[in-house]
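Asker: Dropping in my_file-v6.csv, which is CSV, C-alpha atoms and all ligand atoms:
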chain,number,residue,atom,x,y,z
A,1,MET,CA,-2.2,-0.1,-3.2
A,2,THR,CA,-3.6,-2.6,-5.6
A,3,GLU,CA,-3.5,-1.5,-9.2
A,4,PHE,CA,-5.0,-1.9,-12.7
A,5,TYR,CA,-5.8,0.4,-15.6
A,6,VAL,CA,-8.6,2.9,-15.2
A,7,ILE,CA,-9.1,6.4,-16.6
A,8,LEU,CA,-7.0,9.0,-14.6
A,9,ASP,CA,-8.9,11.6,-12.7
A,10,LYS,CA,-7.5,15.0,-11.6
A,11,ILE,CA,-5.9,14.9,-8.2
A,12,PRO,CA,-7.7,17.4,-6.0
A,13,THR,CA,-5.5,20.4,-5.2
A,14,SER,CA,-6.4,20.0,-1.5
A,15,ILE,CA,-4.7,16.6,-1.4
A,16,SER,CA,-1.5,18.0,-2.9
A,17,GLN,CA,-1.6,20.8,-0.3
A,18,ARG,CA,-2.3,18.4,2.6
A,19,ALA,CA,0.7,16.3,1.5
A,20,THR,CA,3.0,19.1,2.5
A,21,THR,CA,1.7,19.2,6.1
A,22,LEU,CA,1.5,15.5,6.9
A,23,PRO,CA,2.1,13.0,8.5
A,24,GLU,CA,-1.3,12.8,10.1
A,25,LYS,CA,-1.6,11.5,13.7
A,26,MET,CA,-5.2,10.3,13.8
A,27,LEU,CA,-5.8,7.5,11.4
A,28,LYS,CA,-8.5,7.8,8.7
A,29,ILE,CA,-9.8,4.4,7.8
A,30,ASN,CA,-11.6,3.8,4.5
A,31,GLU,CA,-11.9,0.0,4.9
A,32,MET,CA,-11.0,-2.8,7.2
A,33,PHE,CA,-11.4,-6.5,6.6
A,34,GLU,CA,-9.9,-9.9,7.2
A,35,THR,CA,-8.6,-11.8,4.2
A,36,ILE,CA,-5.5,-13.5,2.8
A,37,GLN,CA,-2.6,-11.4,1.6
A,38,GLY,CA,-2.5,-11.9,-2.1
A,39,GLU,CA,0.7,-10.3,-3.2
A,40,GLY,CA,4.5,-10.3,-2.7
A,41,ALA,CA,6.6,-12.2,-0.3
A,42,GLN,CA,3.7,-12.5,2.3
A,43,THR,CA,1.3,-14.1,-0.2
A,44,GLY,CA,-1.0,-16.6,1.6
A,45,VAL,CA,-0.7,-15.0,5.0
A,46,PRO,CA,-4.1,-14.5,6.8
A,47,SER,CA,-4.3,-10.8,7.3
A,48,ILE,CA,-6.3,-7.9,8.7
A,49,PHE,CA,-6.2,-5.2,6.0
A,50,VAL,CA,-6.5,-1.6,7.2
A,51,ARG,CA,-7.0,0.8,4.2
A,52,LEU,CA,-6.1,4.3,5.1
A,53,GLN,CA,-7.6,7.3,3.4
A,54,GLY,CA,-5.6,9.8,1.4
A,55,CYS,CA,-3.2,9.6,-1.5
A,56,PRO,CA,-1.6,12.4,-3.6
A,57,VAL,CA,0.4,10.1,-5.9
A,58,GLY,CA,-2.0,9.9,-8.8
A,59,CYS,CA,-1.3,6.6,-10.6
A,60,SER,CA,-3.3,6.3,-13.8
A,61,TRP,CA,-4.2,2.7,-13.1
A,62,CYS,CA,-5.1,3.1,-9.4
A,63,ASP,CA,-8.1,1.0,-8.5
A,64,THR,CA,-8.6,2.7,-5.1
A,65,LYS,CA,-9.2,6.3,-6.3
A,66,HIS,CA,-11.9,6.6,-3.7
A,67,THR,CA,-9.1,6.8,-1.1
A,68,TRP,CA,-7.5,9.8,-2.6
A,69,THR,CA,-9.5,12.6,-0.9
A,70,LEU,CA,-8.9,13.7,2.7
A,71,ASP,CA,-12.1,15.7,2.7
A,72,ASP,CA,-13.7,15.7,6.1
A,73,ALA,CA,-17.1,15.9,4.5
A,74,PHE,CA,-16.8,12.1,4.0
A,75,LEU,CA,-16.2,11.4,7.7
A,76,THR,CA,-18.6,8.9,9.2
A,77,THR,CA,-18.7,6.3,11.9
A,78,ALA,CA,-16.8,3.0,12.2
A,79,ASP,CA,-20.0,1.1,12.0
A,80,ALA,CA,-21.0,2.8,8.8
A,81,VAL,CA,-17.6,2.1,7.2
A,82,MET,CA,-17.6,-1.5,8.3
A,83,SER,CA,-21.1,-2.1,6.8
A,84,LYS,CA,-20.7,-0.2,3.5
A,85,GLY,CA,-21.6,-2.3,0.5
A,86,GLN,CA,-19.5,-0.6,-2.1
A,87,GLU,CA,-16.2,1.3,-2.4
A,88,ASP,CA,-16.6,5.0,-1.7
A,89,GLU,CA,-14.8,7.9,0.0
A,90,SER,CA,-16.4,7.5,3.4
A,91,HIS,CA,-14.0,6.9,6.3
A,92,PHE,CA,-13.8,7.1,10.1
A,93,THR,CA,-11.0,8.3,12.4
A,94,ALA,CA,-9.4,6.2,15.1
A,95,ASP,CA,-6.3,6.1,17.2
A,96,GLU,CA,-4.2,2.9,17.6
A,97,SER,CA,-6.0,1.8,20.8
A,98,SER,CA,-9.5,2.1,19.4
A,99,LEU,CA,-8.4,0.3,16.2
A,100,LEU,CA,-7.1,-2.6,18.3
A,101,ALA,CA,-10.3,-2.7,20.2
A,102,LEU,CA,-12.2,-2.8,17.0
A,103,PHE,CA,-10.2,-5.8,15.8
A,104,ARG,CA,-11.2,-7.6,19.0
A,105,GLN,CA,-14.8,-6.5,18.8
A,106,ARG,CA,-15.0,-7.8,15.2
A,107,GLY,CA,-13.6,-11.2,16.3
A,108,TYR,CA,-10.6,-11.1,13.9
A,109,THR,CA,-8.3,-14.1,14.3
A,110,ALA,CA,-5.6,-13.1,11.8
A,111,SER,CA,-2.4,-12.1,13.6
A,112,HIS,CA,-0.8,-10.2,10.6
A,113,VAL,CA,-2.0,-6.6,9.9
A,114,VAL,CA,-1.4,-5.1,6.5
A,115,ILE,CA,-1.7,-1.3,6.5
A,116,THR,CA,-2.4,-0.1,3.0
A,117,GLY,CA,-4.1,2.7,1.2
A,118,GLY,CA,-4.3,5.1,-0.3
A,119,GLU,CA,-0.8,6.1,0.8
A,120,PRO,CA,-0.4,4.8,4.4
A,121,CYS,CA,2.9,6.7,5.0
A,122,MET,CA,1.0,10.0,4.9
A,123,TYR,CA,0.5,8.9,8.5
A,124,ASP,CA,2.9,8.5,11.4
A,125,LEU,CA,2.5,4.7,11.8
A,126,ARG,CA,4.8,4.3,14.8
A,127,PRO,CA,2.1,4.3,17.5
A,128,LEU,CA,-0.1,1.8,15.6
A,129,THR,CA,2.7,-0.6,14.6
A,130,GLY,CA,4.3,-0.4,18.0
A,131,LEU,CA,1.1,-1.2,19.8
A,132,LEU,CA,0.3,-4.1,17.4
A,133,HIS,CA,3.8,-5.7,17.9
A,134,SER,CA,3.5,-5.4,21.6
A,135,GLU,CA,0.2,-7.2,21.4
A,136,GLY,CA,1.6,-10.1,19.4
A,137,TYR,CA,0.7,-9.1,15.9
A,138,SER,CA,3.1,-8.8,13.0
A,139,THR,CA,2.7,-5.8,10.7
A,140,GLN,CA,3.2,-4.9,7.1
A,141,ILE,CA,3.0,-1.6,5.3
A,142,GLU,CA,2.3,-1.2,1.6
A,143,THR,CA,3.6,2.1,0.4
A,144,SER,CA,4.5,3.9,-2.8
A,145,GLY,CA,7.8,5.1,-1.4
A,146,THR,CA,6.8,8.8,-1.7
A,147,PHE,CA,6.7,9.5,2.0
A,148,GLU,CA,9.1,8.8,4.8
A,149,VAL,CA,8.2,5.5,6.4
A,150,LEU,CA,7.5,6.0,10.1
A,151,CYS,CA,6.9,2.6,11.7
A,152,ASN,CA,8.1,0.0,14.2
A,153,GLU,CA,11.5,-1.5,13.4
A,154,LYS,CA,9.8,-5.0,13.2
A,155,THR,CA,7.3,-3.9,10.5
A,156,PHE,CA,7.7,-5.6,7.1
A,157,VAL,CA,7.8,-2.7,4.6
A,158,THR,CA,6.7,-3.3,1.1
A,159,VAL,CA,7.6,-0.4,-1.2
A,160,SER,CA,5.9,-0.5,-4.6
A,161,PRO,CA,7.6,2.5,-6.1
A,162,LYS,CA,5.4,4.8,-8.2
A,163,VAL,CA,7.6,6.7,-10.7
A,164,ASN,CA,6.6,9.8,-12.6
A,165,MET,CA,3.0,9.8,-11.6
A,166,LYS,CA,0.5,12.6,-12.0
A,167,GLY,CA,1.0,13.9,-8.5
A,168,GLY,CA,4.7,14.6,-9.3
A,169,MET,CA,6.0,13.0,-6.1
A,170,PRO,CA,9.5,11.5,-6.2
A,171,VAL,CA,10.2,8.1,-4.8
A,172,LEU,CA,12.4,8.6,-1.7
A,173,THR,CA,15.7,6.8,-1.3
A,174,SER,CA,15.0,6.6,2.5
A,175,ALA,CA,11.8,4.6,1.8
A,176,LEU,CA,13.7,2.2,-0.5
A,177,ASP,CA,16.4,1.8,2.1
A,178,ARG,CA,13.8,0.9,4.7
A,179,ALA,CA,12.0,-1.6,2.4
A,180,ASN,CA,12.1,-5.3,3.2
A,181,GLU,CA,10.5,-5.9,-0.2
A,182,ILE,CA,10.6,-3.7,-3.4
A,183,LYS,CA,7.6,-4.8,-5.5
A,184,HIS,CA,7.4,-3.0,-8.8
A,185,PRO,CA,4.3,-3.1,-11.1
A,186,VAL,CA,5.3,-3.7,-14.7
A,187,ALA,CA,3.6,-3.6,-18.0
A,188,MET,CA,6.5,-2.7,-20.4
A,189,GLN,CA,10.3,-2.7,-20.5
A,190,LYS,CA,10.5,1.0,-19.4
A,191,HIS,CA,9.0,0.0,-16.0
A,192,VAL,CA,11.9,-2.5,-15.6
A,193,ASP,CA,14.3,0.3,-16.6
A,194,GLU,CA,12.7,2.6,-14.0
A,195,LEU,CA,13.3,0.0,-11.3
A,196,ASP,CA,16.9,-0.5,-12.4
A,197,ALA,CA,17.5,3.3,-12.0
A,198,LEU,CA,15.8,3.3,-8.6
A,199,LEU,CA,17.8,0.3,-7.3
A,200,GLN,CA,21.1,2.0,-8.2
A,201,GLY,CA,20.3,4.5,-5.4
A,202,VAL,CA,19.8,1.9,-2.8
A,203,ALA,CA,22.7,1.6,-0.4
A,204,ASP,CA,22.3,-2.1,0.4
A,205,LEU,CA,20.1,-4.5,-1.4
A,206,SER,CA,21.1,-7.5,0.6
A,207,GLY,CA,18.2,-8.8,2.6
A,208,LYS,CA,15.6,-7.1,0.4
A,209,THR,CA,13.3,-9.1,-1.9
A,210,VAL,CA,12.8,-7.5,-5.3
A,211,CYS,CA,9.5,-8.5,-7.0
A,212,LEU,CA,8.0,-7.7,-10.4
A,213,GLN,CA,4.2,-7.7,-10.5
A,214,PRO,CA,2.4,-7.7,-13.9
A,215,ILE,CA,-0.1,-4.9,-14.1
A,216,SER,CA,-3.7,-6.0,-14.4
A,217,GLN,CA,-2.8,-9.7,-15.1
A,218,GLN,CA,-2.0,-8.7,-18.7
A,219,ALA,CA,-0.4,-11.6,-20.7
A,220,ARG,CA,2.4,-9.5,-22.2
A,221,ALA,CA,3.2,-7.9,-18.8
A,222,THR,CA,3.2,-11.4,-17.2
A,223,GLU,CA,5.6,-12.7,-19.8
A,224,LEU,CA,7.9,-9.7,-19.4
A,225,ALA,CA,7.9,-10.2,-15.6
A,226,ILE,CA,8.6,-13.9,-15.8
A,227,THR,CA,11.6,-13.5,-18.2
A,228,THR,CA,13.0,-10.6,-16.3
A,229,CYS,CA,12.7,-12.3,-12.9
A,230,ILE,CA,14.4,-15.4,-14.2
A,231,ALA,CA,17.3,-13.4,-15.7
A,232,ARG,CA,17.7,-11.2,-12.6
A,233,ASN,CA,16.9,-13.8,-9.9
A,234,TRP,CA,14.0,-11.5,-8.8
A,235,ARG,CA,10.7,-12.9,-7.5
A,236,LEU,CA,7.4,-12.9,-9.5
A,237,SER,CA,4.5,-11.4,-7.6
A,238,LEU,CA,1.0,-12.3,-8.9
A,239,GLN,CA,-2.1,-10.6,-7.5
A,240,THR,CA,-3.4,-14.0,-6.5
A,241,HIS,CA,-6.5,-12.5,-4.8
A,242,LYS,CA,-7.7,-11.4,-8.2
A,243,TYR,CA,-7.3,-14.9,-9.6
A,244,ILE,CA,-9.3,-16.5,-6.8
A,245,GLY,CA,-11.9,-13.8,-6.5
A,246,ILE,CA,-11.2,-12.5,-3.0
A,247,GLU,CA,-10.6,-8.9,-1.8
B,1,LIG,S1,0.0,5.1,-4.7
B,1,LIG,FE1,-2.0,6.1,-4.5
B,1,LIG,S2,-2.7,6.5,-6.6
B,1,LIG,FE2,-1.0,5.0,-6.7
B,1,LIG,S3,-2.0,2.9,-6.7
B,1,LIG,FE3,-1.5,3.5,-4.6
B,1,LIG,S4,-3.4,4.5,-3.8
B,1,LIG,FE4,-3.5,4.5,-6.0
So, in terms of structure tokens, how does the structure I just supplied come out?
Ligand code: SF4
Answerer:
Amino acid sequence: MTEFYVILDKIPTSISQRATTLPEKMLKINEMFETIQGEGAQTGVPSIFVRLQGCPVGCSWCDTKHTWTLDDAFLTTADAVMSKGQEDESHFTADESSLLALFRQRGYTASHVVITGGEPCMYDLRPLTGLLHSEGYSTQIETSGTFEVLCNEKTFVTVSPKVNMKGGMPVLTSALDRANEIKHPVAMQKHVDELDALLQGVADLSGKTVCLQPISQQARATELAITTCIARNWRLSLQTHKYIGIE
């Protein structure tokens, strides 16, 4: 769910079609690694990142376009995914139990799990988040808000609403209502206006953190985000992992 400007590719028709038949039950995992959460209210928290495969949203500035496809031709083993040296479409499938076993096998010590994508809410995340909480982990989902959020009640949900993207998928009010944090990428005033329009549909904003995140660390976007956050008492989210050179 990280973002910066790149050239937009066409969304494969198969992804749009699959989006109508999801959520998927088996998880398809493009990447898994331990790092520090770099964005939003959980910045600085040691985290296991699980990047799920598949996204029909089509953001022009997406930097994980290799996660868009759900083509089984790219299925491989967990070992192959864990050892790949570059970003690509390859992914493995796992259920929640085998994923937890993999955390232990890898010797991960972080107790916070960030489920990202791609669009993680294409999947029913209740089995995974429920198991992780019962095993002492905290969980976080980073979603575009274009799918219903199916997760444990304790999961911290970050909705980064993607409005009017190429895939033509509306941001769901139910996703915004479930959000603990609404983190909006901004480059220009129209993005602030989009967020204002979305927030008008949220039944209760109390208890939710609203963040603006400058797209691609651009100077003008950062200035806009700072002035708007101060005026609205919103929070500034910087992609700190990009400043310090970690994943
Ligand atoms: S919603 Fe999908 S297309 Fe948009 S930034 Fe996230 S992964 Fe990329």
Asker: Using Å and a single decimal, report how far atom CA of Pro120 of chain A sits from atom CA of Lys65 of chain A.
Answerer: 13.9 Å
Asker: Can I get the residues of segment 131-158 of chain A within 9 Å of segment 180-196 of chain A, each with the closest pair of atoms and their distance in Å to one decimal, using all atoms listed in the file, sorted chain first then ascending number, as a tab-separated table?
Answerer:
residue	atom	partner	partner_atom	distance
A:Thr155	CA	A:Asn180	CA	8.8
A:Phe156	CA	A:Asn180	CA	5.9
A:Val157	CA	A:Asn180	CA	5.2
A:Thr158	CA	A:Glu181	CA	4.8
Asker: Around ligand LIG 1 (chain B), at most 8 Å away and counting only C-alpha atoms and all ligand atoms, which residues are there? Put them as an MDAnalysis selection string, please.
Answerer: chainID A and resid 1:3 54:65 67:68 117:119 143:144 162 165
Asker: Mind pulling up the distance from atom CA of Val114 of chain A to atom CA of Glu153 of chain A?
Answerer: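 Distance between the two atoms: 15.1 Å.
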Asker: Would you compute the distance between atom CA of Ala179 of chain A and atom CA of Val163 of chain A? Give it in Å to one decimal.
Answerer: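 If I compute the distance from atom CA of Ala179 of chain A to atom CA of Val163 of chain A, I get 16.1 Å.
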Asker: Here is a test: counting only C-alpha atoms, which residue of A:Asn30, A:Thr173, A:Gln218, A:Gln213 is nearest to Leu238 of chain A?
Answerer: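 Among the listed residues, the smallest separation from Leu238 of chain A belongs to A:Gln213.
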Asker: Find, counting all atoms listed in the file, the residue in A:Ser111, A:Ser83, A:Ser160, A:Thr35 that gets nearest to Thr139 of chain A.
Answerer: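 Checking each candidate against Thr139 of chain A, we get A:Ser111 as the closest.
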Asker: Any idea what's packed within 10 Å of Thr43 of chain A, counting all atoms listed in the file, ignoring anything in its chain fewer than 3 positions away? Could you give it as a ChimeraX atom specification?
Answerer: /A:36-40,46-47,237-241
Asker: Counting all atoms listed in the file, figure out which residue out of A:Glu96, A:Glu148, A:Glu223, A:Glu135 gets nearest to Cys121 of chain A.
Answerer: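 Ranked by minimum distance to Cys121 of chain A, first place goes to A:Glu148.
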Asker: Taking all atoms listed in the file into account, which of A:Glu31, A:Lys166, A:Met26, A:Ile246 comes nearest Gln86 of chain A?
Answerer: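 Smallest distance to Gln86 of chain A is found for A:Glu31.
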